[in-house]
$ cat input_26.cif   # mmCIF, C-alpha atoms
data_data
loop_
_atom_site.label_atom_id
_atom_site.label_comp_id
_atom_site.auth_asym_id
_atom_site.auth_seq_id
_atom_site.Cartn_x
_atom_site.Cartn_y
_atom_site.Cartn_z
CA MET A 1 -280.47 81.16 33.99
CA ASN A 2 -284.09 80.36 33.21
CA PHE A 3 -284.86 76.68 33.77
CA PHE A 4 -288.61 76.97 33.04
CA ALA A 5 -288.28 76.34 29.29
CA LEU A 6 -285.72 73.54 29.77
CA THR A 7 -288.12 71.73 32.09
CA LEU A 8 -290.97 72.44 29.67
CA GLY A 9 -288.83 70.96 26.87
CA ILE A 10 -288.37 67.76 28.89
CA ALA A 11 -292.12 67.66 29.58
CA THR A 12 -292.72 68.11 25.82
CA LEU A 13 -290.43 65.19 25.08
CA LEU A 14 -292.39 63.00 27.52
CA MET A 15 -295.70 64.05 25.94
CA ILE A 16 -294.40 63.28 22.44
CA GLY A 17 -293.26 59.89 23.77
CA LEU A 18 -296.74 59.39 25.23
CA GLY A 19 -298.08 60.27 21.76
CA PHE A 20 -296.41 57.17 20.29
CA VAL A 21 -298.23 55.04 22.86
CA TRP A 22 -301.72 56.52 22.51
CA VAL A 23 -301.61 56.61 18.70
CA ILE A 24 -300.73 52.86 18.62
CA ARG A 25 -303.20 51.84 21.35
CA GLY A 26 -305.91 54.28 20.28
CA GLU A 27 -305.87 53.07 16.68
CA ARG A 28 -305.92 49.44 17.82
CA TYR A 29 -309.00 49.75 20.01
CA PHE A 30 -310.88 52.68 18.44
CA GLY A 31 -309.61 52.99 14.85
CA TYR A 32 -308.34 55.92 12.82
CA LEU A 33 -311.81 57.39 12.18
CA TRP A 34 -311.65 59.16 15.55
CA TRP A 35 -309.17 61.62 14.04
CA PRO A 36 -311.57 64.65 13.76
CA TYR A 37 -312.54 64.27 17.43
CA VAL A 38 -308.92 63.98 18.57
CA MET A 39 -307.91 66.96 16.42
CA SER A 40 -310.82 69.09 17.68
CA PHE A 41 -310.03 68.23 21.30
CA GLY A 42 -306.39 69.21 20.74
CA ILE A 43 -307.37 72.56 19.17
CA LEU A 44 -309.83 73.14 22.03
CA MET A 45 -307.10 72.52 24.61
CA ILE A 46 -304.85 75.09 22.89
CA LEU A 47 -307.69 77.63 22.82
CA VAL A 48 -308.55 77.03 26.49
CA SER A 49 -304.85 77.49 27.39
CA LEU A 50 -305.23 81.14 26.32
CA PHE A 51 -307.57 81.72 29.26
CA ILE A 52 -305.43 79.99 31.91
CA SER A 53 -303.37 82.40 33.99
CA SER A 54 -300.90 79.82 35.39
CA ILE A 55 -297.89 79.68 33.05
CA TRP A 56 -297.23 76.00 33.79
CA VAL A 57 -300.82 74.87 33.24
CA SER A 58 -301.18 77.01 30.12
CA ALA A 59 -297.88 75.77 28.61
CA LEU A 60 -298.58 72.10 29.37
CA MET A 61 -302.10 72.39 27.93
CA GLY A 62 -300.65 73.94 24.78
CA VAL A 63 -298.03 71.20 24.38
CA PHE A 64 -300.56 68.43 25.06
CA GLY A 65 -303.06 70.04 22.65
CA ALA A 66 -300.41 70.22 19.91
CA SER A 67 -299.40 66.59 20.48
CA LEU A 68 -303.07 65.58 20.13
CA VAL A 69 -303.38 67.51 16.84
CA TRP A 70 -300.19 65.87 15.55
CA GLY A 71 -301.26 62.42 16.73
CA SER A 72 -304.61 62.80 14.96
CA THR A 73 -302.73 63.11 11.66
CA GLU A 74 -300.75 59.92 12.41
CA LEU A 75 -303.75 57.65 13.02
CA LYS A 76 -304.35 56.82 9.34
CA GLU A 77 -300.79 55.59 8.73
CA GLN A 78 -300.93 53.63 11.98
CA ALA A 79 -304.09 51.88 10.71
CA VAL A 80 -302.20 50.86 7.53
CA ARG A 81 -299.24 49.59 9.62
CA ALA A 82 -301.60 47.44 11.71
CA GLU A 83 -303.28 46.05 8.58
CA MET A 84 -299.88 44.88 7.34
CA GLY A 85 -299.12 43.14 10.65
CA TRP A 86 -296.40 45.53 11.76
CA TYR A 87 -298.56 46.09 14.86
CA PRO A 88 -301.35 43.87 16.25
CA PHE A 89 -304.56 44.22 14.24
CA ASN A 90 -307.93 44.39 15.99
CA ALA A 91 -311.03 43.94 13.83
CA ARG A 92 -313.52 44.84 16.60
CA LYS A 93 -312.97 48.56 16.91
CA ILE A 94 -315.18 50.97 18.83
CA LEU A 95 -316.13 53.33 16.03
CA PRO A 96 -316.87 57.04 16.60
CA PRO A 97 -320.23 58.76 16.05
CA PHE A 98 -320.75 59.54 12.32
CA ALA A 99 -318.06 57.00 11.33
CA SER A 100 -319.61 56.39 7.89
CA LEU A 101 -319.55 60.12 7.19
CA ILE A 102 -315.93 60.54 8.41
CA GLU A 103 -314.88 57.61 6.21
CA LYS A 104 -315.73 59.73 3.16
CA TRP A 105 -313.38 62.53 4.28
CA LYS A 106 -309.72 62.46 3.43
CA ALA A 107 -307.82 61.74 6.66
CA PRO A 108 -304.98 64.22 7.08
CA HIS A 109 -301.37 63.13 7.01
CA LEU A 110 -298.37 65.44 7.16
CA MET B 111 -309.59 89.55 30.61
CA GLU B 112 -306.03 89.33 29.42
CA LEU B 113 -305.13 86.36 27.22
CA ASN B 114 -302.16 84.19 28.16
CA SER B 115 -300.22 83.37 24.99
CA ILE B 116 -297.75 80.94 26.60
CA GLY B 117 -299.87 77.88 25.82
CA LEU B 118 -300.25 78.93 22.19
CA ILE B 119 -296.50 79.58 21.83
CA ALA B 120 -295.72 76.20 23.43
CA ALA B 121 -298.29 74.49 21.18
CA MET B 122 -296.93 76.02 17.99
CA SER B 123 -293.33 75.22 18.98
CA THR B 124 -294.28 71.60 19.68
CA PHE B 125 -296.23 71.18 16.45
CA VAL B 126 -293.59 72.84 14.24
CA GLY B 127 -290.78 70.93 16.02
CA VAL B 128 -292.47 67.54 15.55
CA TRP B 129 -293.54 68.32 11.98
CA PHE B 130 -290.10 69.58 10.93
CA GLY B 131 -288.38 66.63 12.61
CA HIS B 132 -290.74 64.15 11.00
CA VAL B 133 -290.06 65.49 7.49
CA ALA B 134 -286.36 66.37 7.94
CA VAL B 135 -285.32 63.03 9.45
CA ARG B 136 -286.97 61.07 6.62
CA LYS B 137 -285.51 63.32 3.94
CA MET B 138 -281.98 63.64 5.36
CA GLU B 139 -281.69 59.95 6.28
CA SER B 140 -282.73 59.17 2.71
CA ILE B 141 -280.10 61.32 1.01
CA SER B 142 -277.19 61.28 3.48
CA PRO B 143 -274.45 58.73 2.67
CA THR B 144 -273.54 58.57 6.39
CA LEU B 145 -275.68 58.67 9.54
CA TRP B 146 -273.17 60.34 11.86
CA LEU B 147 -273.26 63.65 9.96
CA PRO B 148 -277.01 64.44 10.35
CA ILE B 149 -277.00 62.95 13.88
CA THR B 150 -274.15 65.27 14.92
CA ALA B 151 -275.76 68.29 13.20
CA PHE B 152 -279.10 67.71 14.96
CA ALA B 153 -277.48 67.02 18.34
CA ILE B 154 -275.36 70.21 18.16
CA THR B 155 -278.40 72.26 17.04
CA GLY B 156 -280.46 70.81 19.89
CA ILE B 157 -277.80 71.62 22.50
CA ALA B 158 -277.33 75.13 21.05
CA LEU B 159 -281.08 75.79 21.22
CA GLU B 160 -281.18 74.63 24.86
CA TRP B 161 -278.27 76.91 25.67
CA ILE B 162 -280.13 79.87 24.11
CA SER B 163 -283.22 78.84 26.08
CA LEU B 164 -281.27 78.85 29.37
CA THR B 165 -279.47 82.14 28.82
CA THR B 166 -281.92 84.43 27.02
CA SER B 167 -283.93 86.95 29.00
CA HIS B 168 -286.70 86.88 26.37
CA PHE B 169 -289.39 84.62 27.86
CA SER B 170 -291.14 83.61 24.60
CA LEU B 171 -287.83 82.90 22.84
CA SER B 172 -286.82 80.80 25.82
CA ILE B 173 -289.98 78.67 25.46
CA VAL B 174 -289.62 78.27 21.68
CA THR B 175 -285.94 77.24 21.87
CA GLY B 176 -286.49 75.09 24.98
CA ILE B 177 -289.10 72.98 23.16
CA LEU B 178 -287.42 72.99 19.72
CA GLY B 179 -284.08 72.02 21.30
CA PHE B 180 -285.52 68.81 22.73
CA THR B 181 -287.31 67.93 19.50
CA PHE B 182 -283.95 68.28 17.69
CA LEU B 183 -282.26 66.03 20.27
CA TRP B 184 -285.06 63.49 19.80
CA ASP B 185 -284.60 63.72 16.01
CA ALA B 186 -280.88 62.95 16.43
CA LEU B 187 -281.94 59.59 17.92
CA GLU B 188 -284.57 59.08 15.22
CA PHE B 189 -281.97 58.74 12.44
CA THR B 190 -280.94 55.24 13.56
CA ARG B 191 -284.61 54.29 14.05
CA GLN B 192 -285.34 55.49 10.52
CA GLN B 193 -282.48 53.36 9.16
CA ASN B 194 -283.99 50.36 10.96
CA ARG B 195 -287.34 51.11 9.24
CA ILE B 196 -285.51 51.01 5.90
CA LYS B 197 -283.95 47.64 6.80
CA ASN B 198 -287.39 46.23 7.67
CA GLY B 199 -289.11 47.67 4.58
CA HIS B 200 -291.26 49.94 6.76
CA ALA B 201 -289.98 53.04 4.93
CA PRO B 202 -288.83 53.35 1.30
CA ALA B 203 -285.13 53.02 0.53
CA ASN B 204 -283.40 55.40 -1.86
CA PRO B 205 -281.40 53.29 -4.37
CA ASN B 206 -279.34 56.35 -5.35
CA ASN B 207 -277.92 56.58 -1.82
CA PRO B 208 -274.94 54.13 -1.54
CA ARG B 209 -275.82 53.35 2.11
CA HIS B 210 -279.41 52.51 1.16
CA ALA B 211 -278.26 50.54 -1.91
CA ARG B 212 -276.18 48.42 0.50
CA LEU B 213 -279.18 47.96 2.83
CA LEU B 214 -281.33 46.90 -0.15
CA HIS B 215 -278.72 44.27 -0.96
CA GLU B 216 -278.17 43.03 2.62
CA TYR B 217 -281.73 43.10 4.03
CA PRO B 218 -284.34 41.17 2.01
CA PRO B 219 -287.37 43.04 3.48
CA ALA B 220 -285.90 46.42 2.39
CA THR B 221 -287.79 47.96 -0.53
CA THR B 222 -287.99 51.15 -2.56
CA LEU B 223 -291.80 51.13 -2.22
CA ASP B 224 -293.66 53.26 0.31
CA LEU B 225 -296.13 50.68 1.61
CA LEU B 226 -297.89 53.25 3.79
CA LYS B 227 -299.01 55.38 0.85
CA ARG B 228 -302.64 54.23 0.75
CA ASP B 229 -305.89 54.44 2.67
CA PRO B 230 -306.74 51.80 5.30
CA LEU B 231 -309.05 48.97 4.19
CA GLY B 232 -310.24 47.86 7.64
CA LYS B 233 -308.88 44.31 7.25
CA PRO B 234 -305.50 42.57 7.44
CA VAL B 235 -303.49 42.92 4.23
CA SER B 236 -300.78 40.50 3.08
CA HIS B 237 -297.41 41.79 1.89
CA ARG B 238 -298.23 40.86 -1.70
CA GLU B 239 -301.62 42.60 -1.49
CA ALA B 240 -300.00 45.69 0.04
CA ILE B 241 -297.60 45.97 -2.89
CA LYS B 242 -300.48 45.50 -5.35
CA LEU B 243 -302.50 48.22 -3.63
CA ILE B 244 -299.83 50.87 -4.09
CA THR B 245 -298.48 49.82 -7.49
CA GLU B 246 -301.85 49.37 -9.23
CA HIS B 247 -303.22 52.62 -7.96
#

$ encode --input "input_26.cif" --output "structure tokens"
Amino acid sequence: MNFFALTLGIATLLMIGLGFVWVIRGERYFGYLWWPYVMSFGILMILVSLFISSIWVSALMGVFGASLVWGSTELKEQAVRAEMGWYPFNARKILPPFASLIEKWKAPHL
Amino acid sequence: MELNSIGLIAAMSTFVGVWFGHVAVRKMESISPTLWLPITAFAITGIALEWISLTTSHFSLSIVTGILGFTFLWDALEFTRQQNRIKNGHAPANPNNPRHARLLHEYPPATTLDLLKRDPLGKPVSHREAIKLITEH
């Protein structure tokens, strides 16, 4: 029996769970306009994983990268939830560089 | 230098698993008259995928099924959470589903409107305003 993938599956579950936390907290303090940076960092992590020889490090980087890409698409909806009071709303957000430009782009949601 | 595709395979499995679960749980919870049926189907699929992952000698298949299996098991738990969202009006109810019709009757916050279907405004929005924003669009 090969327990590597089972353990990796459990690690994936934990990272997805962590995704719930960082999407909620990240949107609260930084806002949804960070989505292109989060998405780019996730894609970068997946690309870097191609050059890592350790199977554990490569796999975990891939899973974490994918959870960042997914989370980046959830930030917009989370911002709407906070506006409606379903989560605490914070008006003083730390906006990303080029926020006014990003605001004109359509934020992705799947 | 030889490329290591394990990270990419794990990334794609995670993304597809989360994406599929996200869409499938919403859709199936919306149309299913009972919750136990989709919960059982997802739990059995998840366990079957983990069994394949443990027993296959194909390394990539093992990774794909190992990750997808756990996302299916997670989705099995998400069905009750999705029903709670319906009760609270945080997700749209389907009036053609008898279970949802009952929830619409029993839980005053339940609604058929998808209140998340808009862009953020950057300020707090009242319930009345939120409805206006999506209906007058």

$ resolve_selection --input "input_26.cif" --expression "the PyMOL selection byres ((chain A) within 6 of (chain B))" --output "list in words"
Met1, Asn2, Ala5, Leu6, Gly9, Ser49, Leu50, Phe51, Ser58, Ala59, Gly62, Val63, Ala66, Val80, Glu83 and Met84 of chain A

$ resolve_selection --input "input_26.cif" --expression "the PyMOL selection byres ((chain A and resi 94-109) around 12)" --output "JSON, numbers by chain"
{"A": [26, 27, 28, 29, 30, 31, 32, 33, 34, 35, 36, 37, 38, 39, 69, 70, 71, 72, 73, 74, 75, 76, 77, 78, 79, 90, 91, 92, 93, 110], "B": [129, 132, 133, 226, 227, 228, 229, 230, 231, 232]}

$ closest_residue --input "input_26.cif" --among "B:Gly127, B:Asp185, B:Arg238, B:Gln192" --to "Glu139 in chain B" --atoms "only C-alpha atoms"
B:Gln192

$ atom_distance --input "input_26.cif" --atom1 "CA of His210 in chain B" --atom2 "CA of Ser142 in chain B"
9.3 Å

$ atom_distance --input "input_26.cif" --atom1 "CA of Gly199 in chain B" --atom2 "CA of Phe89 in chain A"
18.5 Å

$ axis_aligned_box --input "input_26.cif" --around "range 210-228 of chain B" --padding-each-side "8 Å" --output "lines of an AutoDock Vina configuration file"
center_x = -289.4
center_y = 48.3
center_z = 0.7
size_x = 42.5
size_y = 30.2
size_z = 22.6

$ closest_residue --input "input_26.cif" --among "A:Phe20, A:Ser40, A:Pro88, A:Ile10" --to "Leu60 in chain A" --atoms "only C-alpha atoms"
A:Ile10

$ atom_distance --input "input_26.cif" --atom1 "CA of Thr222 in chain B" --atom2 "CA of Pro148 in chain B"
21.5 Å

$ closest_residue --input "input_26.cif" --among "B:Asn207, B:Gln193, B:Glu216, B:Phe182" --to "Leu13 in chain A" --atoms "all atoms listed in the file"
B:Phe182

$ residues_around --input "input_26.cif" --residues "Ser140 in chain B" --least-positions-apart "4" --cutoff "12 Å" --atoms "all atoms listed in the file" --output "compact mmCIF listing (two decimals) with C-alpha atoms, in the coordinates of the input"
# COMPACT_ATOMS: atom_id res chain seq x y z
CA VAL B 133 -290.06 65.49 7.49
CA ALA B 134 -286.36 66.37 7.94
CA VAL B 135 -285.32 63.03 9.45
CA ARG B 136 -286.97 61.07 6.62
CA THR B 144 -273.54 58.57 6.39
CA LEU B 145 -275.68 58.67 9.54
CA PRO B 148 -277.01 64.44 10.35
CA PHE B 189 -281.97 58.74 12.44
CA THR B 190 -280.94 55.24 13.56
CA GLN B 192 -285.34 55.49 10.52
CA GLN B 193 -282.48 53.36 9.16
CA ARG B 195 -287.34 51.11 9.24
CA ILE B 196 -285.51 51.01 5.90
CA ALA B 201 -289.98 53.04 4.93
CA PRO B 202 -288.83 53.35 1.30
CA ALA B 203 -285.13 53.02 0.53
CA ASN B 204 -283.40 55.40 -1.86
CA PRO B 205 -281.40 53.29 -4.37
CA ASN B 206 -279.34 56.35 -5.35
CA ASN B 207 -277.92 56.58 -1.82
CA PRO B 208 -274.94 54.13 -1.54
CA ARG B 209 -275.82 53.35 2.11
CA HIS B 210 -279.41 52.51 1.16
CA ALA B 211 -278.26 50.54 -1.91
CA LEU B 213 -279.18 47.96 2.83
CA THR B 222 -287.99 51.15 -2.56

$ decode --input "input_26.cif" --residues "range 176-204 of chain B" --atoms "N, CA, C and O atoms" --output "PDB file, in the first residue's frame"
ATOM      1  N   GLY B 176      -5.879  10.333  -4.352  1.00  0.00           N
ATOM      2  CA  GLY B 176      -5.660  10.659  -2.933  1.00  0.00           C
ATOM      3  C   GLY B 176      -6.202  12.040  -2.599  1.00  0.00           C
ATOM      4  O   GLY B 176      -6.850  12.243  -1.568  1.00  0.00           O
ATOM      5  N   ILE B 177      -5.943  13.003  -3.478  1.00  0.00           N
ATOM      6  CA  ILE B 177      -6.408  14.386  -3.243  1.00  0.00           C
ATOM      7  C   ILE B 177      -7.909  14.501  -3.525  1.00  0.00           C
ATOM      8  O   ILE B 177      -8.667  15.040  -2.713  1.00  0.00           O
ATOM      9  N   LEU B 178      -8.353  13.970  -4.670  1.00  0.00           N
ATOM     10  CA  LEU B 178      -9.779  14.067  -5.026  1.00  0.00           C
ATOM     11  C   LEU B 178     -10.655  13.367  -3.982  1.00  0.00           C
ATOM     12  O   LEU B 178     -11.736  13.849  -3.656  1.00  0.00           O
ATOM     13  N   GLY B 179     -10.180  12.230  -3.455  1.00  0.00           N
ATOM     14  CA  GLY B 179     -10.937  11.488  -2.453  1.00  0.00           C
ATOM     15  C   GLY B 179     -11.262  12.353  -1.245  1.00  0.00           C
ATOM     16  O   GLY B 179     -12.400  12.388  -0.777  1.00  0.00           O
ATOM     17  N   PHE B 180     -10.261  13.091  -0.763  1.00  0.00           N
ATOM     18  CA  PHE B 180     -10.508  13.932   0.414  1.00  0.00           C
ATOM     19  C   PHE B 180     -11.386  15.126   0.083  1.00  0.00           C
ATOM     20  O   PHE B 180     -12.162  15.571   0.938  1.00  0.00           O
ATOM     21  N   THR B 181     -11.283  15.645  -1.143  1.00  0.00           N
ATOM     22  CA  THR B 181     -12.184  16.770  -1.479  1.00  0.00           C
ATOM     23  C   THR B 181     -13.635  16.260  -1.543  1.00  0.00           C
ATOM     24  O   THR B 181     -14.547  16.960  -1.128  1.00  0.00           O
ATOM     25  N   PHE B 182     -13.830  15.031  -2.007  1.00  0.00           N
ATOM     26  CA  PHE B 182     -15.193  14.455  -2.033  1.00  0.00           C
ATOM     27  C   PHE B 182     -15.717  14.250  -0.607  1.00  0.00           C
ATOM     28  O   PHE B 182     -16.889  14.508  -0.323  1.00  0.00           O
ATOM     29  N   LEU B 183     -14.840  13.777   0.290  1.00  0.00           N
ATOM     30  CA  LEU B 183     -15.268  13.577   1.686  1.00  0.00           C
ATOM     31  C   LEU B 183     -15.625  14.925   2.332  1.00  0.00           C
ATOM     32  O   LEU B 183     -16.592  15.031   3.079  1.00  0.00           O
ATOM     33  N   TRP B 184     -14.849  15.943   2.008  1.00  0.00           N
ATOM     34  CA  TRP B 184     -15.136  17.295   2.501  1.00  0.00           C
ATOM     35  C   TRP B 184     -16.500  17.759   1.972  1.00  0.00           C
ATOM     36  O   TRP B 184     -17.326  18.312   2.704  1.00  0.00           O
ATOM     37  N   ASP B 185     -16.715  17.512   0.659  1.00  0.00           N
ATOM     38  CA  ASP B 185     -17.983  17.919   0.027  1.00  0.00           C
ATOM     39  C   ASP B 185     -19.174  17.245   0.696  1.00  0.00           C
ATOM     40  O   ASP B 185     -20.242  17.849   0.823  1.00  0.00           O
ATOM     41  N   ALA B 186     -19.000  15.986   1.118  1.00  0.00           N
ATOM     42  CA  ALA B 186     -20.089  15.270   1.800  1.00  0.00           C
ATOM     43  C   ALA B 186     -20.539  16.058   3.036  1.00  0.00           C
ATOM     44  O   ALA B 186     -21.729  16.146   3.334  1.00  0.00           O
ATOM     45  N   LEU B 187     -19.556  16.673   3.733  1.00  0.00           N
ATOM     46  CA  LEU B 187     -19.895  17.484   4.910  1.00  0.00           C
ATOM     47  C   LEU B 187     -20.492  18.830   4.509  1.00  0.00           C
ATOM     48  O   LEU B 187     -21.259  19.430   5.264  1.00  0.00           O
ATOM     49  N   GLU B 188     -20.114  19.302   3.328  1.00  0.00           N
ATOM     50  CA  GLU B 188     -20.567  20.630   2.878  1.00  0.00           C
ATOM     51  C   GLU B 188     -22.069  20.691   2.594  1.00  0.00           C
ATOM     52  O   GLU B 188     -22.646  21.781   2.595  1.00  0.00           O
ATOM     53  N   PHE B 189     -22.703  19.539   2.328  1.00  0.00           N
ATOM     54  CA  PHE B 189     -24.137  19.568   2.005  1.00  0.00           C
ATOM     55  C   PHE B 189     -24.965  20.151   3.155  1.00  0.00           C
ATOM     56  O   PHE B 189     -25.871  20.948   2.917  1.00  0.00           O
ATOM     57  N   THR B 190     -24.642  19.770   4.392  1.00  0.00           N
ATOM     58  CA  THR B 190     -25.421  20.316   5.522  1.00  0.00           C
ATOM     59  C   THR B 190     -25.089  21.797   5.721  1.00  0.00           C
ATOM     60  O   THR B 190     -25.963  22.586   6.061  1.00  0.00           O
ATOM     61  N   ARG B 191     -23.816  22.155   5.477  1.00  0.00           N
ATOM     62  CA  ARG B 191     -23.443  23.580   5.586  1.00  0.00           C
ATOM     63  C   ARG B 191     -24.169  24.411   4.538  1.00  0.00           C
ATOM     64  O   ARG B 191     -24.594  25.533   4.793  1.00  0.00           O
ATOM     65  N   GLN B 192     -24.321  23.830   3.328  1.00  0.00           N
ATOM     66  CA  GLN B 192     -25.020  24.548   2.265  1.00  0.00           C
ATOM     67  C   GLN B 192     -26.494  24.737   2.630  1.00  0.00           C
ATOM     68  O   GLN B 192     -27.074  25.803   2.401  1.00  0.00           O
ATOM     69  N   GLN B 193     -27.090  23.703   3.245  1.00  0.00           N
ATOM     70  CA  GLN B 193     -28.495  23.826   3.665  1.00  0.00           C
ATOM     71  C   GLN B 193     -28.638  24.932   4.714  1.00  0.00           C
ATOM     72  O   GLN B 193     -29.609  25.678   4.705  1.00  0.00           O
ATOM     73  N   ASN B 194     -27.637  25.039   5.597  1.00  0.00           N
ATOM     74  CA  ASN B 194     -27.675  26.117   6.596  1.00  0.00           C
ATOM     75  C   ASN B 194     -27.578  27.491   5.929  1.00  0.00           C
ATOM     76  O   ASN B 194     -28.192  28.450   6.386  1.00  0.00           O
ATOM     77  N   ARG B 195     -26.790  27.575   4.843  1.00  0.00           N
ATOM     78  CA  ARG B 195     -26.705  28.853   4.101  1.00  0.00           C
ATOM     79  C   ARG B 195     -28.074  29.221   3.530  1.00  0.00           C
ATOM     80  O   ARG B 195     -28.460  30.382   3.517  1.00  0.00           O
ATOM     81  N   ILE B 196     -28.796  28.212   3.040  1.00  0.00           N
ATOM     82  CA  ILE B 196     -30.140  28.450   2.495  1.00  0.00           C
ATOM     83  C   ILE B 196     -31.048  28.990   3.604  1.00  0.00           C
ATOM     84  O   ILE B 196     -31.769  29.960   3.411  1.00  0.00           O
ATOM     85  N   LYS B 197     -30.987  28.339   4.780  1.00  0.00           N
ATOM     86  CA  LYS B 197     -31.825  28.762   5.912  1.00  0.00           C
ATOM     87  C   LYS B 197     -31.561  30.221   6.283  1.00  0.00           C
ATOM     88  O   LYS B 197     -32.461  30.956   6.640  1.00  0.00           O
ATOM     89  N   ASN B 198     -30.281  30.629   6.202  1.00  0.00           N
ATOM     90  CA  ASN B 198     -29.901  31.986   6.603  1.00  0.00           C
ATOM     91  C   ASN B 198     -30.021  33.012   5.478  1.00  0.00           C
ATOM     92  O   ASN B 198     -29.696  34.179   5.670  1.00  0.00           O
ATOM     93  N   GLY B 199     -30.411  32.558   4.281  1.00  0.00           N
ATOM     94  CA  GLY B 199     -30.513  33.471   3.142  1.00  0.00           C
ATOM     95  C   GLY B 199     -29.163  33.813   2.530  1.00  0.00           C
ATOM     96  O   GLY B 199     -29.044  34.758   1.753  1.00  0.00           O
ATOM     97  N   HIS B 200     -28.126  33.035   2.886  1.00  0.00           N
ATOM     98  CA  HIS B 200     -26.785  33.305   2.350  1.00  0.00           C
ATOM     99  C   HIS B 200     -26.551  32.621   1.005  1.00  0.00           C
ATOM    100  O   HIS B 200     -25.498  32.785   0.391  1.00  0.00           O
ATOM    101  N   ALA B 201     -27.500  31.805   0.592  1.00  0.00           N
ATOM    102  CA  ALA B 201     -27.463  31.165  -0.737  1.00  0.00           C
ATOM    103  C   ALA B 201     -28.913  31.063  -1.203  1.00  0.00           C
ATOM    104  O   ALA B 201     -29.821  30.944  -0.375  1.00  0.00           O
ATOM    105  N   PRO B 202     -29.148  31.128  -2.524  1.00  0.00           N
ATOM    106  CA  PRO B 202     -30.542  31.152  -2.995  1.00  0.00           C
ATOM    107  C   PRO B 202     -31.236  29.795  -2.880  1.00  0.00           C
ATOM    108  O   PRO B 202     -30.660  28.755  -3.211  1.00  0.00           O
ATOM    109  N   ALA B 203     -32.481  29.848  -2.411  1.00  0.00           N
ATOM    110  CA  ALA B 203     -33.293  28.627  -2.311  1.00  0.00           C
ATOM    111  C   ALA B 203     -33.977  28.360  -3.647  1.00  0.00           C
ATOM    112  O   ALA B 203     -34.212  29.280  -4.432  1.00  0.00           O
ATOM    113  N   ASN B 204     -34.235  27.092  -3.892  1.00  0.00           N
ATOM    114  CA  ASN B 204     -34.924  26.676  -5.115  1.00  0.00           C
ATOM    115  C   ASN B 204     -36.386  26.340  -4.767  1.00  0.00           C
ATOM    116  O   ASN B 204     -36.642  25.288  -4.179  1.00  0.00           O
TER     117      ASN B 204
END
